[in-house]
Each structure stands twice: as C-alpha cells, then as structure tokens.
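Peer 1: File name run.cif; file contents mmCIF, C-alpha atoms; full text below.
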```cif
data_start
#
loop_
_atom_site.label_atom_id
_atom_site.label_comp_id
_atom_site.auth_asym_id
_atom_site.auth_seq_id
_atom_site.Cartn_x
_atom_site.Cartn_y
_atom_site.Cartn_z
CA MET A 1 204.99 168.53 92.55
CA ILE A 2 207.14 168.31 89.45
CA PHE A 3 210.75 167.23 89.80
CA VAL A 4 213.24 167.92 87.05
CA SER A 5 216.60 166.18 87.13
CA THR A 6 219.64 168.37 86.46
CA VAL A 7 223.09 166.90 85.91
CA VAL A 8 226.07 169.25 85.75
CA MET A 9 229.24 168.17 83.95
CA PRO A 10 232.42 170.17 83.40
CA ILE A 11 231.48 173.00 81.01
CA LEU A 12 228.62 170.95 79.50
CA ARG A 13 225.30 171.18 81.29
CA ARG A 14 222.42 168.80 80.77
CA VAL A 15 218.99 170.28 81.41
CA PHE A 16 215.69 168.41 81.32
CA SER A 17 212.79 170.73 80.63
CA PRO A 18 209.34 170.05 82.13
CA ARG A 19 207.66 172.10 79.41
CA ARG A 20 208.63 170.01 76.41
CA THR A 21 206.24 167.32 75.18
CA ASN A 22 207.88 166.42 71.87
CA THR A 23 209.05 162.83 72.30
CA SER A 24 211.75 163.35 69.69
CA PHE A 25 213.68 165.08 72.47
CA PRO A 26 214.11 162.97 75.61
CA VAL A 27 212.61 164.58 78.66
CA THR A 28 212.19 163.30 82.20
CA VAL A 29 209.39 164.58 84.40
CA PHE A 30 208.32 163.11 87.71
CA SER A 31 205.18 163.91 89.68
CA GLY A 32 203.81 162.84 93.01
CA GLY A 33 205.30 162.93 96.46
CA ASP A 34 206.94 159.51 96.50
CA HIS A 35 210.71 159.88 96.40
CA ARG A 36 211.01 156.34 95.04
CA PHE A 37 209.78 157.52 91.63
CA ARG A 38 212.52 160.13 91.54
CA THR A 39 215.16 157.55 92.49
CA ILE A 40 214.02 155.21 89.72
CA GLY A 41 213.95 158.09 87.28
CA ARG A 42 217.55 159.05 88.03
CA GLN A 43 218.62 155.46 87.41
CA ILE A 44 216.80 155.42 84.06
CA GLU A 45 218.49 158.67 83.01
CA SER A 46 221.90 157.29 83.94
CA LEU A 47 221.35 154.08 82.02
CA ALA A 48 219.99 155.87 78.95
CA SER A 49 222.88 158.38 78.85
CA ARG A 50 220.82 160.75 76.73
CA GLN A 51 221.05 164.53 76.86
CA CYS A 52 218.31 167.00 76.03
CA GLU A 53 219.92 170.41 76.22
CA ILE A 54 223.51 171.57 76.55
CA CYS A 55 224.96 175.04 77.00
CA ILE A 56 228.58 175.77 76.13
CA THR A 57 230.97 178.70 76.00
CA PRO A 58 233.84 179.20 73.51
CA ASP A 59 236.05 177.27 75.94
CA THR A 60 234.36 174.12 74.61
CA PRO A 61 234.86 173.08 70.96
CA ILE A 62 231.60 173.18 69.07
CA ARG A 63 232.22 169.61 67.93
CA ASP A 64 232.19 168.42 71.52
CA GLY A 65 228.89 170.13 72.15
CA VAL A 66 227.23 168.58 69.09
CA ALA A 67 228.70 165.16 69.85
CA ALA A 68 227.34 165.30 73.40
CA LEU A 69 223.79 165.52 72.04
CA GLY A 70 224.12 162.15 70.33
CA LYS A 71 222.27 160.78 67.32
CA THR A 72 218.80 161.39 68.76
CA GLY A 73 219.28 165.17 68.74
CA GLY A 74 218.61 167.95 71.21
CA ARG A 75 219.32 171.63 71.72
CA LEU A 76 222.78 173.14 71.90
CA TYR A 77 222.83 176.64 73.38
CA LEU A 78 225.85 178.87 72.73
CA THR A 79 226.87 181.91 74.73
CA GLU A 80 228.21 184.98 72.95
CA GLY A 81 231.80 184.58 71.82
CA LEU A 82 233.99 183.36 69.00
CA TRP A 83 234.44 179.85 67.66
CA ASN A 84 237.20 179.53 65.03
CA PHE A 85 236.93 176.78 62.40
CA ASN A 86 239.88 175.12 60.72
CA ARG A 87 237.87 172.28 59.17
CA THR A 88 234.28 171.46 58.34
CA LEU A 89 231.86 170.57 61.12
CA GLU A 90 229.83 167.59 59.88
CA ILE A 91 226.40 167.25 61.49
CA ASP A 92 224.80 163.97 60.45
CA SER A 93 222.45 163.58 63.42
CA LYS A 94 218.78 164.55 63.23
CA PHE A 95 216.84 167.04 65.35
CA ILE A 96 219.98 169.00 66.21
CA GLN A 97 219.12 172.58 67.18
CA ILE A 98 221.94 175.10 67.58
CA HIS A 99 220.78 178.33 69.22
CA SER A 100 222.64 181.47 70.20
CA LEU A 101 221.77 182.92 73.59
CA SER A 102 222.93 186.29 72.23
CA PRO A 103 221.87 186.39 68.54
CA GLY A 104 224.47 187.97 66.27
CA ARG A 105 227.17 187.85 68.95
CA THR A 106 227.81 184.13 68.72
CA VAL A 107 230.38 184.04 65.92
CA PHE A 108 231.50 181.13 63.73
CA ARG A 109 234.58 182.33 61.87
CA ARG A 110 236.85 180.80 59.26
CA GLU A 111 239.94 182.86 58.57
CA SER A 112 241.40 183.31 55.10
CA ALA A 113 244.36 181.07 55.97
CA GLN A 114 241.87 178.20 56.38
CA ALA A 115 240.24 178.73 52.97
CA THR A 116 238.89 175.55 51.41
CA THR A 117 236.11 174.53 49.05
CA ASP A 118 234.40 172.69 51.92
CA PRO A 119 231.76 174.57 53.96
CA ILE A 120 232.14 175.73 57.55
CA ILE A 121 229.20 173.51 58.51
CA SER A 122 227.73 170.63 56.52
CA SER A 123 224.35 169.52 57.88
CA THR A 124 223.09 166.21 56.47
CA GLY A 125 220.65 165.29 59.25
CA VAL A 126 216.94 166.04 58.97
CA ASN A 127 215.03 168.58 61.05
CA ASN A 128 218.12 170.52 62.09
CA VAL A 129 217.92 174.18 63.17
CA PHE A 130 220.51 176.99 63.16
CA GLU A 131 219.43 180.17 64.90
CA GLY A 132 221.11 183.43 65.86
CA ILE A 133 224.61 182.55 64.58
CA ARG A 134 226.93 185.05 62.88
CA PHE A 135 228.96 183.34 60.15
CA ILE A 136 232.15 185.13 59.07
CA ASP A 137 233.82 183.27 56.23
CA GLN A 138 236.98 185.11 55.18
CA THR A 139 237.75 182.78 52.25
CA GLY A 140 238.12 185.47 49.61
CA THR A 141 237.58 184.07 46.11
CA VAL A 142 237.56 180.37 47.08
CA ALA A 143 234.27 178.83 45.86
CA THR A 144 232.81 177.56 49.13
CA GLN A 145 229.82 177.99 51.44
CA ALA A 146 229.45 179.08 55.03
CA LEU A 147 226.59 176.62 55.58
CA LYS A 148 225.58 173.65 53.43
CA ILE A 149 222.34 171.77 54.12
CA THR A 150 221.36 168.45 52.57
CA GLY A 151 218.88 167.31 55.23
CA ASP A 152 215.12 167.80 54.81
CA ASN A 153 212.98 170.06 57.00
CA SER A 154 215.90 172.15 58.24
CA ILE A 155 215.66 175.79 59.30
CA VAL A 156 218.15 178.68 59.17
CA ARG A 157 216.73 181.57 61.17
CA ASN A 158 217.93 184.95 62.43
CA CYS A 159 221.53 184.31 61.33
CA VAL A 160 224.04 186.77 59.86
CA PHE A 161 226.40 185.93 56.99
CA GLU A 162 229.29 188.21 56.10
CA ASP A 163 232.57 188.16 54.17
CA PHE A 164 231.48 184.97 52.38
CA TYR A 165 231.89 183.58 48.89
CA ASN A 166 228.58 181.71 49.12
CA GLY A 167 226.33 182.01 52.17
CA VAL A 168 223.80 179.16 52.38
CA LEU A 169 223.59 176.24 49.96
CA ILE A 170 220.59 173.89 50.14
CA SER A 171 221.37 170.88 47.98
CA GLY A 172 218.72 168.26 47.23
CA ALA A 173 216.84 168.89 50.48
CA ASN A 174 213.09 169.40 50.75
CA ARG A 175 211.11 171.87 52.86
CA VAL A 176 214.15 173.84 54.02
CA ARG A 177 213.46 177.38 55.25
CA VAL A 178 215.82 180.37 55.35
CA MET A 179 214.14 183.07 57.42
CA ASP A 180 214.91 186.45 58.98
CA CYS A 181 218.61 186.32 58.09
CA GLU A 182 221.01 189.08 57.04
CA PHE A 183 223.56 188.78 54.23
CA HIS A 184 226.23 191.34 53.39
CA THR A 185 229.67 191.63 51.80
CA GLY A 186 229.19 188.45 49.82
CA VAL A 187 231.13 187.56 46.67
CA ASN A 188 228.74 185.25 44.83
CA ARG A 189 225.43 183.88 46.15
CA ALA A 190 223.71 184.63 49.42
CA ILE A 191 221.25 181.73 49.11
CA GLU A 192 221.19 178.89 46.61
CA TYR A 193 218.85 175.93 46.25
CA SER A 194 220.21 173.23 43.92
CA GLY A 195 219.16 169.74 42.85
CA THR A 196 215.55 168.63 43.22
CA CYS A 197 214.58 170.75 46.22
CA VAL A 198 210.82 170.92 46.85
CA GLY A 199 208.75 173.07 49.17
CA GLY A 200 211.39 175.48 50.47
CA MET A 201 210.88 179.01 51.75
CA ILE A 202 213.07 182.13 51.62
CA THR A 203 211.29 184.78 53.66
CA ALA A 204 211.98 188.08 55.42
CA ASN A 205 215.73 188.15 54.74
CA ALA A 206 217.81 191.31 54.30
CA ILE A 207 220.32 190.97 51.46
CA GLU A 208 222.25 194.20 51.48
CA ARG A 209 225.68 195.80 51.07
CA THR A 210 226.53 193.56 48.10
CA GLY A 211 225.08 190.59 49.94
CA GLY A 212 225.07 188.22 46.99
CA ASN A 213 222.43 186.72 44.69
CA VAL A 214 219.53 184.37 45.36
CA TYR A 215 219.60 181.49 42.89
CA LEU A 216 217.16 178.59 42.45
CA GLY A 217 218.33 175.72 40.23
CA ASP A 218 216.41 174.40 37.24
CA ASP A 219 214.90 171.48 39.20
CA VAL A 220 213.90 173.47 42.28
CA SER A 221 210.11 173.63 42.60
CA GLN A 222 207.19 174.67 44.81
CA MET A 223 209.15 177.46 46.46
CA ALA A 224 208.12 180.71 48.12
CA VAL A 225 210.55 183.63 47.93
CA ILE A 226 208.57 186.36 49.64
CA GLY A 227 209.11 189.50 51.69
CA ASN A 228 212.88 189.81 51.23
CA THR A 229 214.73 193.11 50.79
CA PHE A 230 217.58 193.29 48.29
CA ASP A 231 220.47 195.67 47.83
CA THR A 232 219.84 198.42 45.31
CA VAL A 233 222.69 197.31 43.06
CA SER A 234 224.58 194.20 42.00
CA VAL A 235 222.12 191.65 43.39
CA GLU A 236 219.96 189.31 41.34
CA LEU A 237 217.07 186.94 41.99
CA SER A 238 217.10 184.06 39.50
CA TYR A 239 214.76 181.09 39.14
CA PHE A 240 213.43 178.67 36.50
CA ALA A 241 209.98 179.31 35.04
CA GLY A 242 207.17 176.77 35.29
CA GLN A 243 208.24 175.27 38.63
CA SER A 244 205.45 176.63 40.86
CA ILE A 245 207.68 179.31 42.38
CA GLU A 246 206.00 182.30 44.02
CA THR A 247 208.37 185.26 43.86
CA GLY A 248 209.38 188.31 41.84
CA SER A 249 209.58 192.07 42.31
CA ALA A 250 205.92 192.27 43.36
CA LEU A 251 206.57 190.06 46.40
CA ASN A 252 210.07 191.30 47.30
CA VAL A 253 211.83 194.65 47.51
CA ILE A 254 213.89 194.35 44.34
CA ASP A 255 213.91 196.14 41.02
CA SER A 256 212.18 194.10 38.30
CA SER A 257 215.26 194.49 36.07
CA ARG A 258 217.21 192.33 38.49
CA VAL A 259 214.74 189.43 38.53
CA GLU A 260 215.65 186.66 36.06
CA GLU A 261 213.04 184.08 35.09
CA ARG A 262 214.98 181.45 33.19
CA CYS A 263 213.42 179.25 30.54
#
```
Please express the file's structure as structure tokens.
Peer 2:
Amino acid sequence: MIFVSTVVMPILRRVFSPRRTNTSFPVTVFSGGDHRFRTIGRQIESLASRQCEICITPDTPIRDGVAALGKTGGRLYLTEGLWNFNRTLEIDSKFIQIHSLSPGRTVFRRESAQATTDPIISSTGVNNVFEGIRFIDQTGTVATQALKITGDNSIVRNCVFEDFYNGVLISGANRVRVMDCEFHTGVNRAIEYSGTCVGGMITANAIERTGGNVYLGDDVSQMAVIGNTFDTVSVELSYFAGQSIETGSALNVIDSSRVEERC
C-alpha cells in the first residue's frame, strides 16, 4: 500500500505526488502496512515545512503562491482567472514551475496605468518553467518586457503574449527554451536573446498579427530557431553571422527578405 500525505491550508493546498522521483522536488511516499511509518513520516513533513505542489485561484496573490514553494522549488498550479500586476514579481528561487490548469485562460495582466520599464515577471532562478499563461501587457510605448529570464535552463512553453512592447527577454542565460507560444499585437520584439546566451531554442512559436520581431544579440551563440511561423508583414528575424545559429527562411515560415544576418 502507498500512502500519500495531503495537507490542506486555506486556499493553498499542498500535494505530495507518489509518481515523482526527482529528488529536486520533495516527495513523501510510505509503503507497508505499519502505521508507525506513516506517523513518523507526518512528523518529518511537519518539521521540514517543505511544499511540493500548490494550487491557487485568483483570490490568492501570485506572490503568496510562489513564496509558499520556498527556495527549493516546486510546482504552482493556477486555475483560470485574472491576476493583475502593479509591480514586478521577482522569482529568485530555482526549480519553480508555474503551470496553468486552463492554458490561455490564466491571465497575467498589467494595465496601462501601471506602465513601467520593469517586466511583469523577472525570473533569475535556474530551471524555472512557465507554462500555459496568457500575458497581457498594456504598457503602450514604454520599453519593457512581459517576461524577463536571467536564469539558466528555463522554459517558456504554451504561453500567449499580447498587447506588449517586448514579449520575452532572455538576458545572459544559457539553454533557455521558448516553445509553442503565441505572440500578437506586439510593438517591438516578441523574443530577444541578449548578452552571452548559449544553447537556447526558439521552436514551434506562432508570431502573428504584428507579433513583433525575433532578435538574437551579437554574442548569442549555438542557437536553434526552427519551425516558427511569422506574420506576413512587419516582422523580422535578426541574428549575428558566425555564431553557430541554425535558422533562416528554410527552417521557418518567413520570407527570406525579412531575415537579417548581421555581420
């Protein structure tokens, strides 16, 4: 028999999954028929005060959900609904995974009255994941980003970015992947890698309805920009030659006239 401890707190729910084996995420599994093992296990969980997985609704501030995971990381599940941002959410912990339970209907919005040059979310921790979130950044012409990542091995997957000045900025972070996302009604850049980023991937994204440019800085290297679809007008893919970057009109749906190989 497998026993899984479940602790319910107001709004926040801690769930220990018997299927996970990755020791980076604390998990408690008991087997055998002796209840004494389960009693000892509950005491260990209480003393450790570590959470694996939390699910929240818009009634709970997103900052509280992230803070409840602690520095060792874990999964934060979000229901559909709207979270409004009036200042940047700083995520400096590692192995933080933020997942929508209803992809595209979990909305992170910053209204125009809250316009600032700081991003909606700044993720500095390594191995962080953002999945299924719809970012709406109504900042007009203010030079900012919806999501800024400076932590290695991070993933942005199945997210939507709209009404943004800049969508995703990866700055000086290695092996960061932007996958299966949608960008539209952008002012400047949909995706930008800057600094000495190495080993990133931009794959299977839809950049449409004036969704912004994809720009790789001069020191960005060993990148794959493959299988993306671009708007028919006013969108550009720009990268620096000689940096082991696999991309271009042959590997993406974009007119060759809108691919810039800088020298």
Peer 1: Restricting the calculation to only C-alpha atoms, which member of A:Ser154, A:Ile98, A:Leu147, A:Pro58 is positioned closest to Phe130 (chain A)?
Peer 2: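 Among the listed residues, A:Ile98 lies closest to Phe130 (chain A).
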Peer 1: Just want the 8 Å neighbourhood of Gly211 (chain A), counted on all atoms listed in the file, with same-chain residues fewer than 2 positions away dropped. Output as a VMD selection string.
Peer 2: chain A and resid 162 183 to 187 189 to 190 207 to 209 213 231 235
Peer 1: I'd like the interatomic distance between CA of Val198 (chain A) and CA of Asn127 (chain A), to a tenth of an Å.
Peer 2: 15.0 Å
Peer 1: For the atom pair CA of Leu78 (chain A) and CA of Lys94 (chain A), what is the interatomic distance in Å to one decimal place?
Peer 2: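 Computing it gives 18.6 Å between the two atoms.
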Peer 1: For the provided coordinates, the residues matched by the PyMOL selection byres ((chain A and resi 193) around 12) should be stated as a ChimeraX atom specification.
Peer 2: /A:148-150,166-178,189-192,194-202,213-225,237-240
Peer 1: Which residue, A:Ile245, A:Ile133, A:Ile226, A:Ala143, has the smallest gap to Pro103 (chain A) when you use only C-alpha atoms?
Peer 2: A:Ile133
Peer 1: Tell me which of A:Thr232, A:Thr247, A:Ser123, A:Thr116 sits closest to Phe85 (chain A), counting all atoms listed in the file.
Peer 2: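 Among the listed residues, the smallest separation from Phe85 (chain A) belongs to A:Thr116.
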Peer 1: Given only C-alpha atoms as the basis, pick out the residue of A:Asp180, A:Glu90, A:Glu111, A:Glu261 nearest to Cys159 (chain A).
Peer 2: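 The closest residue to Cys159 (chain A) is A:Asp180.
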Peer 1: Nearest residue to Thr106 (chain A) out of A:Gly227, A:Gly70, A:Pro119, A:Gly132, using all atoms listed in the file?
Peer 2: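 The shortest atom-to-atom distance to Thr106 (chain A) comes from A:Gly132.
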Peer 1: Rank A:Ser234, A:Asn158, A:Gln243, A:Thr57 by their smallest atom-to-atom distance to Asn205 (chain A), using all atoms listed in the file, and report the top residue only.
Peer 2: A:Asn158
